[in-house]
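**Q** File name work01.csv; file contents CSV, C-alpha atoms and all ligand atoms; full text below.
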chain,number,residue,atom,x,y,z
A,1,MET,CA,-33.6,49.7,-38.4
A,2,SER,CA,-33.4,48.1,-41.8
A,3,ALA,CA,-34.6,44.5,-42.5
A,4,THR,CA,-31.0,43.3,-42.9
A,5,GLN,CA,-30.0,44.7,-39.5
A,6,GLY,CA,-33.0,43.1,-37.9
A,7,ALA,CA,-32.2,39.7,-39.4
A,8,ASN,CA,-28.6,40.0,-38.2
A,9,ARG,CA,-29.7,40.8,-34.6
A,10,PHE,CA,-32.1,37.8,-34.8
A,11,PHE,CA,-29.3,35.4,-35.8
A,12,ARG,CA,-27.0,36.8,-33.1
A,13,PHE,CA,-29.7,36.3,-30.5
A,14,ARG,CA,-30.4,32.8,-31.7
A,15,THR,CA,-26.7,31.9,-31.6
A,16,PHE,CA,-26.6,33.3,-28.0
A,17,LEU,CA,-29.6,31.1,-27.1
A,18,PHE,CA,-27.9,28.0,-28.5
A,19,PHE,CA,-24.7,28.8,-26.5
A,20,VAL,CA,-26.6,29.2,-23.2
A,21,CYS,CA,-28.7,26.1,-23.8
A,22,GLY,CA,-25.6,24.2,-24.7
A,23,LEU,CA,-23.9,25.1,-21.4
A,24,ALA,CA,-27.0,24.0,-19.5
A,25,ALA,CA,-27.1,20.7,-21.4
A,26,PHE,CA,-23.4,19.9,-20.6
A,27,PRO,CA,-22.7,20.9,-17.0
A,28,VAL,CA,-19.0,21.3,-16.0
A,29,ARG,CA,-17.8,18.0,-14.8
A,30,ALA,CA,-16.8,17.9,-11.2
A,31,ALA,CA,-13.1,17.5,-10.4
A,32,PRO,CA,-12.0,14.0,-9.5
A,33,GLU,CA,-12.3,13.2,-5.8
A,34,HIS,CA,-8.6,12.8,-5.5
A,35,HIS,CA,-8.0,16.5,-6.3
A,36,ALA,CA,-9.6,17.5,-3.0
A,37,TRP,CA,-7.6,14.8,-1.3
A,38,CYS,CA,-4.4,16.1,-2.8
A,39,ASP,CA,-5.2,19.7,-1.8
A,40,ALA,CA,-5.9,18.6,1.8
A,41,LEU,CA,-2.5,16.8,1.9
A,42,ASP,CA,-0.8,19.8,0.4
A,43,LYS,CA,-2.1,21.9,3.3
A,44,ARG,CA,-1.2,19.2,5.9
A,45,LEU,CA,2.2,18.2,4.8
A,46,LEU,CA,5.0,20.6,3.8
A,47,SER,CA,6.7,18.2,1.4
A,48,VAL,CA,3.6,17.1,-0.6
A,49,ASP,CA,2.9,19.2,-3.6
A,50,GLY,CA,-0.9,19.3,-4.4
A,51,ALA,CA,-0.4,20.1,-8.1
A,52,SER,CA,1.9,17.1,-8.7
A,53,CYS,CA,-0.4,14.9,-6.6
A,54,ARG,CA,-3.4,15.9,-8.8
A,55,LYS,CA,-1.6,14.8,-11.9
A,56,ARG,CA,-1.4,11.2,-10.7
A,57,ALA,CA,-4.1,8.7,-11.4
A,58,PHE,CA,-5.2,8.1,-7.8
A,59,VAL,CA,-8.4,6.2,-7.5
A,60,PRO,CA,-10.5,5.7,-4.3
A,61,GLY,CA,-10.3,2.2,-2.9
A,62,ALA,CA,-13.3,0.0,-2.2
A,63,PHE,CA,-13.8,1.3,1.3
A,64,ARG,CA,-13.8,4.7,3.0
A,65,SER,CA,-12.3,5.6,6.3
A,66,VAL,CA,-14.4,5.6,9.5
A,67,GLU,CA,-15.0,9.4,9.1
A,68,GLY,CA,-15.8,9.0,5.4
A,69,ARG,CA,-12.5,10.0,3.8
A,70,PRO,CA,-11.5,8.3,0.6
A,71,LEU,CA,-8.8,5.7,0.8
A,72,MET,CA,-6.7,6.4,-2.2
A,73,LEU,CA,-4.6,4.1,-4.3
A,74,LEU,CA,-2.2,4.5,-7.2
A,75,ASP,CA,-1.5,1.6,-9.5
A,76,VAL,CA,1.8,1.9,-11.6
A,77,PRO,CA,2.3,-1.1,-13.8
A,78,PRO,CA,5.8,-1.9,-15.1
A,79,ALA,CA,7.0,0.3,-17.9
A,80,ALA,CA,6.8,-2.4,-20.6
A,81,LEU,CA,3.3,-3.5,-19.8
A,82,PRO,CA,0.8,-3.0,-22.8
A,83,THR,CA,-1.9,-0.4,-22.3
A,84,ALA,CA,-4.7,-3.0,-22.2
A,85,SER,CA,-3.1,-4.5,-19.1
A,86,ILE,CA,-2.9,-1.1,-17.5
A,87,ALA,CA,-6.6,-0.7,-17.9
A,88,SER,CA,-7.3,-3.9,-16.1
A,89,ALA,CA,-4.8,-3.4,-13.4
A,90,PHE,CA,-7.5,-2.3,-11.0
A,91,ALA,CA,-10.4,-4.6,-10.3
A,92,PRO,CA,-13.7,-2.7,-10.1
A,93,PRO,CA,-14.7,-2.0,-6.5
A,94,ALA,CA,-17.6,-4.5,-6.7
A,95,ALA,CA,-15.3,-7.3,-7.7
A,96,ARG,CA,-12.9,-6.4,-5.0
A,97,LEU,CA,-15.6,-6.5,-2.4
A,98,ARG,CA,-16.3,-10.1,-3.2
A,99,TRP,CA,-13.2,-11.0,-1.2
A,100,ARG,CA,-13.9,-12.8,2.0
A,101,PRO,CA,-11.7,-12.9,5.1
A,102,PRO,CA,-9.7,-16.0,5.4
A,103,ALA,CA,-10.5,-18.6,8.0
A,104,MET,CA,-8.7,-17.7,11.2
A,105,THR,CA,-7.6,-21.0,12.6
A,106,PRO,CA,-4.3,-21.4,14.4
A,107,ALA,CA,-3.6,-24.4,12.2
A,108,ALA,CA,-3.9,-22.5,8.9
A,109,ILE,CA,-1.1,-23.4,6.6
A,110,PRO,CA,0.6,-20.5,4.9
A,111,PRO,CA,0.4,-20.7,1.1
A,112,PRO,CA,3.6,-21.3,-0.8
A,113,VAL,CA,5.6,-18.2,-1.9
A,114,ALA,CA,4.5,-17.2,-5.4
A,115,LYS,CA,7.8,-16.3,-7.2
A,116,PRO,CA,7.5,-13.3,-9.6
A,117,ARG,CA,8.4,-14.6,-13.0
A,118,GLY,CA,7.7,-11.2,-14.6
A,119,ALA,CA,7.5,-7.9,-12.8
A,120,THR,CA,7.8,-7.9,-9.0
A,121,ARG,CA,4.6,-6.7,-7.5
A,122,ILE,CA,5.2,-4.2,-4.7
A,123,LEU,CA,2.6,-2.9,-2.3
A,124,LEU,CA,3.9,0.3,-0.7
A,125,ILE,CA,1.9,1.7,2.3
A,126,GLY,CA,2.4,5.0,4.2
A,127,GLY,CA,0.6,6.6,7.1
A,128,ILE,CA,-1.0,3.5,8.7
A,129,HIS,CA,-0.3,5.4,11.9
A,130,GLY,CA,-1.7,8.9,11.4
A,131,ASP,CA,0.8,10.8,13.6
A,132,GLU,CA,3.8,9.5,11.6
A,133,LEU,CA,3.7,12.3,9.1
A,134,THR,CA,7.0,11.5,7.4
A,135,SER,CA,5.8,8.1,6.5
A,136,VAL,CA,3.3,9.7,4.1
A,137,SER,CA,5.7,12.4,2.8
A,138,ILE,CA,8.5,9.9,1.9
A,139,VAL,CA,6.0,7.8,-0.1
A,140,PHE,CA,5.2,10.9,-2.2
A,141,ARG,CA,9.0,11.5,-2.6
A,142,TRP,CA,9.6,8.0,-3.8
A,143,MET,CA,6.7,8.3,-6.3
A,144,GLU,CA,8.7,10.9,-8.1
A,145,TRP,CA,11.4,8.3,-8.7
A,146,LEU,CA,9.1,5.5,-10.1
A,147,ASP,CA,10.1,6.2,-13.7
A,148,GLU,CA,13.8,5.5,-13.1
A,149,ALA,CA,15.2,2.3,-14.4
A,150,ASP,CA,15.5,0.4,-11.1
A,151,ALA,CA,11.9,1.2,-10.2
A,152,GLU,CA,10.0,1.1,-13.5
A,153,ARG,CA,10.5,-2.6,-14.0
A,154,HIS,CA,8.2,-3.3,-11.0
A,155,HIS,CA,4.5,-3.2,-10.7
A,156,TRP,CA,3.6,-0.8,-7.9
A,157,ARG,CA,0.4,-0.4,-5.9
A,158,ILE,CA,0.7,2.5,-3.6
A,159,ALA,CA,-1.4,3.6,-0.6
A,160,PRO,CA,0.3,6.7,0.6
A,161,LEU,CA,-2.1,7.4,3.4
A,162,ALA,CA,-3.7,4.3,5.0
A,163,ASN,CA,-5.1,6.2,8.0
A,164,PRO,CA,-6.4,9.6,6.8
A,165,ASP,CA,-8.6,10.2,9.9
A,166,GLY,CA,-5.5,9.9,12.1
A,167,LEU,CA,-3.4,12.3,9.9
A,168,PHE,CA,-6.1,15.0,9.6
A,169,ALA,CA,-7.1,14.9,13.3
A,170,GLN,CA,-6.0,17.9,15.4
A,171,PRO,CA,-3.6,16.9,16.8
A,172,ALA,CA,-2.7,14.0,14.5
A,173,ARG,CA,-3.2,10.6,16.2
A,174,ARG,CA,-1.9,7.1,15.8
A,175,THR,CA,-5.3,5.4,15.7
A,176,ASN,CA,-8.2,5.6,13.2
A,177,GLY,CA,-11.6,7.3,13.7
A,178,HIS,CA,-12.7,4.5,16.1
A,179,GLY,CA,-9.5,4.8,18.2
A,180,VAL,CA,-8.2,1.5,16.8
A,181,ASP,CA,-4.5,0.9,16.1
A,182,LEU,CA,-4.8,-0.4,12.5
A,183,ASN,CA,-1.5,-2.2,12.8
A,184,ARG,CA,-3.1,-4.5,15.4
A,185,ASN,CA,-6.3,-5.1,13.5
A,186,PHE,CA,-5.3,-7.5,10.7
A,187,SER,CA,-6.7,-11.0,10.8
A,188,THR,CA,-3.8,-12.9,12.1
A,189,PRO,CA,-4.6,-16.5,13.3
A,190,ASP,CA,-3.6,-15.5,16.9
A,191,TRP,CA,-5.9,-12.5,16.9
A,192,PRO,CA,-9.0,-14.1,18.6
A,193,ARG,CA,-7.0,-15.7,21.3
A,194,ASP,CA,-4.2,-13.1,22.0
A,195,ALA,CA,-4.9,-9.6,20.7
A,196,LEU,CA,-7.1,-8.2,23.5
A,197,ASP,CA,-5.2,-10.1,26.1
A,198,TYR,CA,-1.9,-8.7,24.9
A,199,TRP,CA,-3.4,-5.2,24.9
A,200,ARG,CA,-4.6,-5.5,28.4
A,201,LYS,CA,-1.7,-7.3,30.0
A,202,ARG,CA,1.4,-6.2,28.0
A,203,THR,CA,0.5,-2.6,27.0
A,204,GLY,CA,-1.5,-1.7,30.1
A,205,MET,CA,-4.5,-1.0,27.9
A,206,ASP,CA,-2.6,1.7,26.1
A,207,PRO,CA,-5.3,3.5,24.0
A,208,ARG,CA,-2.7,4.1,21.2
A,209,ARG,CA,-2.5,0.3,20.8
A,210,TYR,CA,-6.1,-0.8,21.0
A,211,PRO,CA,-6.5,-3.6,18.5
A,212,GLY,CA,-10.3,-3.1,18.1
A,213,LYS,CA,-13.3,-5.3,19.0
A,214,ALA,CA,-12.4,-7.9,16.4
A,215,ALA,CA,-9.9,-8.6,13.7
A,216,MET,CA,-10.6,-6.5,10.6
A,217,SER,CA,-13.3,-4.5,12.5
A,218,GLU,CA,-12.1,-1.4,10.7
A,219,PRO,CA,-12.7,-0.3,7.1
A,220,GLU,CA,-9.1,0.7,6.6
A,221,THR,CA,-7.9,-2.7,7.6
A,222,ARG,CA,-10.5,-4.5,5.4
A,223,TRP,CA,-9.4,-2.3,2.5
A,224,LEU,CA,-5.7,-3.1,2.9
A,225,GLN,CA,-6.2,-6.7,3.5
A,226,GLY,CA,-8.5,-6.8,0.4
A,227,GLU,CA,-5.7,-5.2,-1.6
A,228,ILE,CA,-3.2,-7.8,-0.4
A,229,GLU,CA,-5.7,-10.6,-1.5
A,230,SER,CA,-6.4,-9.1,-4.9
A,231,PHE,CA,-3.0,-7.6,-5.9
A,232,LYS,CA,-1.0,-10.5,-4.5
A,233,PRO,CA,2.1,-8.5,-3.8
A,234,ASP,CA,5.5,-10.2,-3.9
A,235,VAL,CA,6.8,-7.6,-1.4
A,236,ILE,CA,4.9,-5.3,1.0
A,237,VAL,CA,6.7,-2.2,2.2
A,238,SER,CA,5.1,-0.3,5.1
A,239,VAL,CA,6.6,3.0,6.3
A,240,HIS,CA,6.5,4.1,9.9
A,241,ALA,CA,8.4,6.4,12.3
A,242,PRO,CA,10.2,7.3,14.6
A,243,TYR,CA,12.3,4.3,15.7
A,244,GLY,CA,15.0,4.7,13.0
A,245,ILE,CA,15.4,1.0,12.2
A,246,LEU,CA,14.6,-1.5,9.6
A,247,ASP,CA,12.3,-4.5,10.4
A,248,TYR,CA,11.5,-7.5,8.4
A,249,ASP,CA,9.1,-10.5,8.4
A,250,GLY,CA,8.8,-13.1,5.8
A,251,PRO,CA,10.4,-15.9,3.8
A,252,LEU,CA,13.4,-14.3,1.9
A,253,GLN,CA,16.9,-13.6,3.2
A,254,LYS,CA,16.6,-10.6,5.6
A,255,PRO,CA,17.8,-7.2,4.5
A,256,HIS,CA,20.5,-5.8,6.8
A,257,ARG,CA,20.6,-2.1,6.2
A,258,PHE,CA,18.7,0.5,4.1
A,259,GLY,CA,20.6,3.8,4.3
A,260,ARG,CA,21.4,4.4,7.9
A,261,LEU,CA,18.5,2.1,9.1
A,262,ASN,CA,19.9,-1.2,10.5
A,263,LEU,CA,17.9,-4.4,10.8
A,264,SER,CA,16.4,-4.7,14.2
A,265,GLN,CA,13.5,-7.1,14.3
A,266,LEU,CA,10.9,-5.9,16.8
A,267,GLY,CA,9.0,-9.2,16.9
A,268,VAL,CA,5.4,-9.8,15.7
A,269,TYR,CA,2.2,-8.7,17.4
A,270,PRO,CA,-1.3,-10.1,17.2
A,271,GLY,CA,-3.0,-8.3,14.4
A,272,SER,CA,0.1,-6.5,13.0
A,273,LEU,CA,0.8,-6.3,9.2
A,274,GLY,CA,4.2,-8.0,9.6
A,275,ASN,CA,2.4,-10.9,11.4
A,276,PHE,CA,-0.4,-11.1,8.8
A,277,GLY,CA,1.7,-10.6,5.7
A,278,GLY,CA,5.1,-12.0,6.7
A,279,VAL,CA,4.2,-14.9,9.0
A,280,HIS,CA,0.6,-15.8,8.0
A,281,LYS,CA,0.6,-15.1,4.3
A,282,ASN,CA,4.4,-15.8,3.7
A,283,ILE,CA,4.9,-12.5,1.9
A,284,PRO,CA,8.1,-10.5,2.5
A,285,VAL,CA,7.1,-7.5,4.6
A,286,ILE,CA,9.6,-4.7,4.9
A,287,THR,CA,8.9,-2.2,7.7
A,288,ILE,CA,10.8,1.0,7.5
A,289,GLU,CA,10.9,3.1,10.6
A,290,LEU,CA,12.1,6.5,9.8
A,291,PRO,CA,14.1,8.4,12.5
A,292,HIS,CA,11.6,11.2,13.0
A,293,ALA,CA,7.8,11.4,12.7
A,294,GLY,CA,7.8,15.1,11.9
A,295,ALA,CA,11.1,15.8,10.2
A,296,MET,CA,12.1,14.2,6.9
A,297,PRO,CA,15.5,12.5,6.6
A,298,SER,CA,17.9,14.4,4.3
A,299,MET,CA,17.4,14.0,0.6
A,300,GLU,CA,20.5,12.0,0.4
A,301,GLU,CA,19.2,9.6,3.1
A,302,GLN,CA,15.8,9.3,1.4
A,303,ARG,CA,17.6,8.4,-1.8
A,304,GLN,CA,19.9,5.9,0.0
A,305,ILE,CA,17.0,4.1,1.7
A,306,TRP,CA,15.2,3.9,-1.7
A,307,ASN,CA,18.2,2.6,-3.6
A,308,ASP,CA,19.1,0.0,-0.9
A,309,MET,CA,15.5,-1.2,-0.8
A,310,LEU,CA,15.3,-1.7,-4.6
A,311,ASN,CA,18.6,-3.4,-4.6
A,312,TRP,CA,17.5,-5.8,-1.9
A,313,ILE,CA,14.2,-6.6,-3.7
A,314,ARG,CA,16.1,-7.4,-6.9
A,315,ARG,CA,18.8,-9.5,-5.2
A,316,ALA,CA,16.6,-11.3,-2.8
A,317,TRP,CA,14.0,-12.4,-5.4
A,318,HIS,CA,16.8,-13.3,-7.9
A,319,GLN,CA,18.5,-15.5,-5.3
A,320,GLY,CA,15.2,-17.0,-4.3
A,321,GLN,CA,14.3,-17.7,-7.9
A,322,ARG,CA,17.7,-19.3,-8.6
A,323,ALA,CA,17.4,-21.5,-5.5
A,324,GLU,CA,13.9,-22.6,-6.6
A,325,ASP,CA,15.2,-23.4,-10.1
A,326,ARG,CA,18.0,-25.4,-8.6
A,327,GLY,CA,15.5,-27.3,-6.4
A,328,ARG,CA,13.4,-28.1,-9.5
A,329,ARG,CA,16.4,-29.4,-11.4
A,330,THR,CA,17.5,-31.6,-8.5
A,331,ASP,CA,14.0,-33.0,-8.2
A,332,ARG,CA,13.9,-33.9,-11.9
A,333,GLU,CA,17.3,-35.5,-11.8
A,334,SER,CA,16.4,-37.6,-8.7
A,335,GLY,CA,13.1,-38.7,-10.3
A,336,ILE,CA,11.0,-36.8,-7.7
A,337,ARG,CA,7.9,-35.7,-9.6
A,338,ASN,CA,6.1,-33.8,-7.0
A,339,GLN,CA,7.8,-30.4,-7.1
A,340,LYS,CA,5.6,-29.0,-4.4
A,341,THR,CA,7.7,-30.7,-1.8
A,342,SER,CA,10.9,-28.9,-2.8
A,343,CYS,CA,12.1,-26.1,-0.6
A,344,PRO,CA,14.6,-23.4,-1.8
A,345,SER,CA,17.5,-23.6,0.5
A,346,SER,CA,18.0,-19.9,0.7
A,347,PHE,CA,14.6,-19.3,2.2
A,348,SER,CA,14.6,-18.8,5.9
A,349,GLY,CA,10.9,-19.8,5.9
A,350,ALA,CA,11.7,-23.1,4.3
A,351,LYS,CA,10.1,-25.0,7.2
A,352,ARG,CA,6.8,-23.8,5.9
A,353,CYS,CA,7.3,-25.3,2.4
B,401,ZN,ZN,3.9,3.3,13.2
Written as structure tokens, that's how I'd like the structure from this file.

**A**
Amino acid sequence: MSATQGANRFFRFRTFLFFVCGLAAFPVRAAPEHHAWCDALDKRLLSVDGASCRKRAFVPGAFRSVEGRPLMLLDVPPAALPTASIASAFAPPAARLRWRPPAMTPAAIPPPVAKPRGATRILLIGGIHGDELTSVSIVFRWMEWLDEADAERHHWRIAPLANPDGLFAQPARRTNGHGVDLNRNFSTPDWPRDALDYWRKRTGMDPRRYPGKAAMSEPETRWLQGEIESFKPDVIVSVHAPYGILDYDGPLQKPHRFGRLNLSQLGVYPGSLGNFGGVHKNIPVITIELPHAGAMPSMEEQRQIWNDMLNWIRRAWHQGQRAEDRGRRTDRESGIRNQKTSCPSSFSGAKRC
């Protein structure tokens, strides 16, 4: 071997060493946690595509489920929002954990409705009951339509699967990892007095409707309630199955029909989201009950429910806004300075103003 060949071999070996050491110094970054979550959903639900799910910027919420699964959120600001605002759309988990539960006194006065002057903020929740599979699938379907004109004007925060332990149980179950019905665990003012009593006497201690030992005893409920406090939605949409109806709680004019789902108000229960959001916090809460828990509505019906919902949100808030503006003008003209006392006439919840 000549001296030149020896030198070439030495340089090739040295390059090889640099390459190996470089790999060791920069280990391959682990896939984001939401990739595994998307893959698990892909396996569990026929209509969820793991690859499309992985492309979305899901982030884990400030809490994990009882069994340690991530509680994933997607934040989709309105299309016109500057990039800087998008970066700050999510509060860091530590900041969100600073939230404290509200005082639970029956005399608590609901806050006034905060009218959206800019983009309407919509919190969309699926799968709060783990055995209602379509309620998760349809949220993923609607996410595909968020960049359409009617949807992209809104600021969306989306929790497609609020009860992962229930969905991934075999068989799927309504309750969470502690056997608690999350939709009876929100901190409504009537919870301490009525929730367990209602469960014992009215449901016959139905284990599917157990409200928990205390309001907000469950991490999934604390997470959702924290998101309501920090995101301050103008509308909450919660998807369920299989009653095939539309339910509504809150201050705006009621919707009457989304697709084939007609309004049928089921009443409020101690600890339910409709009670907490719609009655206690005065936020419009739309509850969509799909007709089947295991079979999706036709694509045409999925589209119709979505379109009708967006139309209602646009019209209801627009009417509410105009009514409020009229109220302010009237107040000014009559010399009444304290605008806080004005109640928009179109609000069914005006008695709370
Ligand atoms: Zn349900």

**Q** Select all residues near (16.0, 0.0, 7.3) (cut-off 9 Å, inclusive, file coordinates), counting all atoms listed in the file, and output them as a list of chain:residue names.

**A** A:Gly244, A:Ile245, A:Leu246, A:Asp247, A:Tyr248, A:Pro255, A:His256, A:Arg257, A:Phe258, A:Gly259, A:Arg260, A:Leu261, A:Asn262, A:Leu263, A:Ser264, A:Ile286, A:Thr287, A:Ile288, A:Glu289, A:Leu290, A:Ile305, A:Asp308, A:Met309

**Q** Which is closer to ligand ZN 401 (chain B) than all the others in A:Asp49, A:Glu144, A:Asp131, A:Asp150, using all atoms listed in the file?

**A**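 Of all the options, A:Asp131 lies closest to ligand ZN 401 (chain B).
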
**Q** 6 Å from ligand ZN 401 (chain B) is the threshold here; counting only C-alpha atoms and all ligand atoms, which polymer residues fall inside it? Answer as a PyMOL selection string.

**A** chain A and resi 129+240-241

**Q** I'd like the contact shell of segment 274-277 of chain A - 12 Å cut-off, all atoms listed in the file, skipping same-chain residues fewer than 3 positions apart - returned as an mmCIF file with C-alpha atoms, in the coordinates of the input.

**A**
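Generated output (out.cif):
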data_model
loop_
_atom_site.group_PDB
_atom_site.id
_atom_site.type_symbol
_atom_site.label_atom_id
_atom_site.label_comp_id
_atom_site.auth_asym_id
_atom_site.auth_seq_id
_atom_site.Cartn_x
_atom_site.Cartn_y
_atom_site.Cartn_z
ATOM 1 C CA PRO A 102 -9.700 -16.000 5.400
ATOM 2 C CA MET A 104 -8.700 -17.700 11.200
ATOM 3 C CA ALA A 108 -3.900 -22.500 8.900
ATOM 4 C CA PRO A 110 0.600 -20.500 4.900
ATOM 5 C CA PRO A 111 0.400 -20.700 1.100
ATOM 6 C CA VAL A 113 5.600 -18.200 -1.900
ATOM 7 C CA LEU A 123 2.600 -2.900 -2.300
ATOM 8 C CA ASN A 183 -1.500 -2.200 12.800
ATOM 9 C CA ARG A 184 -3.100 -4.500 15.400
ATOM 10 C CA ASN A 185 -6.300 -5.100 13.500
ATOM 11 C CA PHE A 186 -5.300 -7.500 10.700
ATOM 12 C CA SER A 187 -6.700 -11.000 10.800
ATOM 13 C CA THR A 188 -3.800 -12.900 12.100
ATOM 14 C CA PRO A 189 -4.600 -16.500 13.300
ATOM 15 C CA ASP A 190 -3.600 -15.500 16.900
ATOM 16 C CA TRP A 191 -5.900 -12.500 16.900
ATOM 17 C CA ALA A 195 -4.900 -9.600 20.700
ATOM 18 C CA ALA A 215 -9.900 -8.600 13.700
ATOM 19 C CA MET A 216 -10.600 -6.500 10.600
ATOM 20 C CA THR A 221 -7.900 -2.700 7.600
ATOM 21 C CA LEU A 224 -5.700 -3.100 2.900
ATOM 22 C CA GLN A 225 -6.200 -6.700 3.500
ATOM 23 C CA GLU A 227 -5.700 -5.200 -1.600
ATOM 24 C CA ILE A 228 -3.200 -7.800 -0.400
ATOM 25 C CA GLU A 229 -5.700 -10.600 -1.500
ATOM 26 C CA LYS A 232 -1.000 -10.500 -4.500
ATOM 27 C CA PRO A 233 2.100 -8.500 -3.800
ATOM 28 C CA ASP A 234 5.500 -10.200 -3.900
ATOM 29 C CA VAL A 235 6.800 -7.600 -1.400
ATOM 30 C CA ILE A 236 4.900 -5.300 1.000
ATOM 31 C CA VAL A 237 6.700 -2.200 2.200
ATOM 32 C CA SER A 238 5.100 -0.300 5.100
ATOM 33 C CA VAL A 239 6.600 3.000 6.300
ATOM 34 C CA ASP A 247 12.300 -4.500 10.400
ATOM 35 C CA TYR A 248 11.500 -7.500 8.400
ATOM 36 C CA ASP A 249 9.100 -10.500 8.400
ATOM 37 C CA GLY A 250 8.800 -13.100 5.800
ATOM 38 C CA PRO A 251 10.400 -15.900 3.800
ATOM 39 C CA GLN A 265 13.500 -7.100 14.300
ATOM 40 C CA LEU A 266 10.900 -5.900 16.800
ATOM 41 C CA GLY A 267 9.000 -9.200 16.900
ATOM 42 C CA VAL A 268 5.400 -9.800 15.700
ATOM 43 C CA TYR A 269 2.200 -8.700 17.400
ATOM 44 C CA PRO A 270 -1.300 -10.100 17.200
ATOM 45 C CA GLY A 271 -3.000 -8.300 14.400
ATOM 46 C CA HIS A 280 0.600 -15.800 8.000
ATOM 47 C CA LYS A 281 0.600 -15.100 4.300
ATOM 48 C CA ASN A 282 4.400 -15.800 3.700
ATOM 49 C CA ILE A 283 4.900 -12.500 1.900
ATOM 50 C CA PRO A 284 8.100 -10.500 2.500
ATOM 51 C CA VAL A 285 7.100 -7.500 4.600
ATOM 52 C CA ILE A 286 9.600 -4.700 4.900
ATOM 53 C CA THR A 287 8.900 -2.200 7.700
ATOM 54 C CA ILE A 288 10.800 1.000 7.500
#

**Q** Would you work out the distance separating atom CA of Asp75 of chain A from atom CA of Arg314 of chain A, expressed in Å to one decimal?

**A**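 Interatomic distance, atom CA of Asp75 of chain A to atom CA of Arg314 of chain A: 19.9 Å.
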
**Q** Please, what distance in Å, to one decimal, runs between atom CA of Met72 of chain A and atom CA of Ala159 of chain A?

**A** 6.2 Å

**Q** I need the residue nearest Leu273 of chain A from this list: A:Val136, A:Ile125, A:Ile313, A:Ala169. Use all atoms listed in the file for the distance.

**A**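 Closest candidate: A:Ile125.
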
**Q** For a test of reading the model, state the distance in Å between atom CA of Ser298 of chain A and atom CA of Leu46 of chain A, rounded to one decimal.

**A**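 Atom CA of Leu46 of chain A lies 14.3 Å from atom CA of Ser298 of chain A.
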
**Q** Any idea what's packed within 12 Å of Lys55 of chain A, counting only C-alpha atoms, ignoring anything in its chain fewer than 2 positions away? Could you give it as a VMD selection string?

**A** chain A and resid 31 to 32 34 to 35 38 to 39 49 to 53 57 to 59 74 143 to 144

**Q** Give me the residues within 8 Å of Gly130 of chain A as a PyMOL selection string, counting all atoms listed in the file and dropping any in the same chain fewer than 4 places off.

**A** chain A and resi 163-168+172-176

**Q** Those residues with C-alpha atoms, as a PDB file, in the coordinates of the input please?

**A**
ATOM      1  CA  ASN A 163      -5.100   6.200   8.000  1.00  0.00           C
ATOM      2  CA  PRO A 164      -6.400   9.600   6.800  1.00  0.00           C
ATOM      3  CA  ASP A 165      -8.600  10.200   9.900  1.00  0.00           C
ATOM      4  CA  GLY A 166      -5.500   9.900  12.100  1.00  0.00           C
ATOM      5  CA  LEU A 167      -3.400  12.300   9.900  1.00  0.00           C
ATOM      6  CA  PHE A 168      -6.100  15.000   9.600  1.00  0.00           C
ATOM      7  CA  ALA A 172      -2.700  14.000  14.500  1.00  0.00           C
ATOM      8  CA  ARG A 173      -3.200  10.600  16.200  1.00  0.00           C
ATOM      9  CA  ARG A 174      -1.900   7.100  15.800  1.00  0.00           C
ATOM     10  CA  THR A 175      -5.300   5.400  15.700  1.00  0.00           C
ATOM     11  CA  ASN A 176      -8.200   5.600  13.200  1.00  0.00           C
TER      12      ASN A 176
END

**Q** Restricted to C-alpha atoms, what does segment 32-43 of chain A look like when written out as a short mmCIF file (atom, residue, chain, number, x, y, z; two decimals), in the first residue's frame?

**A**
data_model
loop_
_atom_site.label_atom_id
_atom_site.label_comp_id
_atom_site.auth_asym_id
_atom_site.auth_seq_id
_atom_site.Cartn_x
_atom_site.Cartn_y
_atom_site.Cartn_z
CA PRO A 32 -44.83 13.86 19.21
CA GLU A 33 -47.16 12.21 21.70
CA HIS A 34 -50.16 12.91 19.55
CA HIS A 35 -48.86 10.55 16.83
CA ALA A 36 -49.42 7.52 19.06
CA TRP A 37 -52.81 8.94 20.06
CA CYS A 38 -53.75 9.32 16.37
CA ASP A 39 -52.60 5.78 15.57
CA ALA A 40 -54.65 4.35 18.43
CA LEU A 41 -57.72 6.24 17.21
CA ASP A 42 -57.10 5.03 13.66
CA LYS A 43 -57.25 1.44 14.94
#
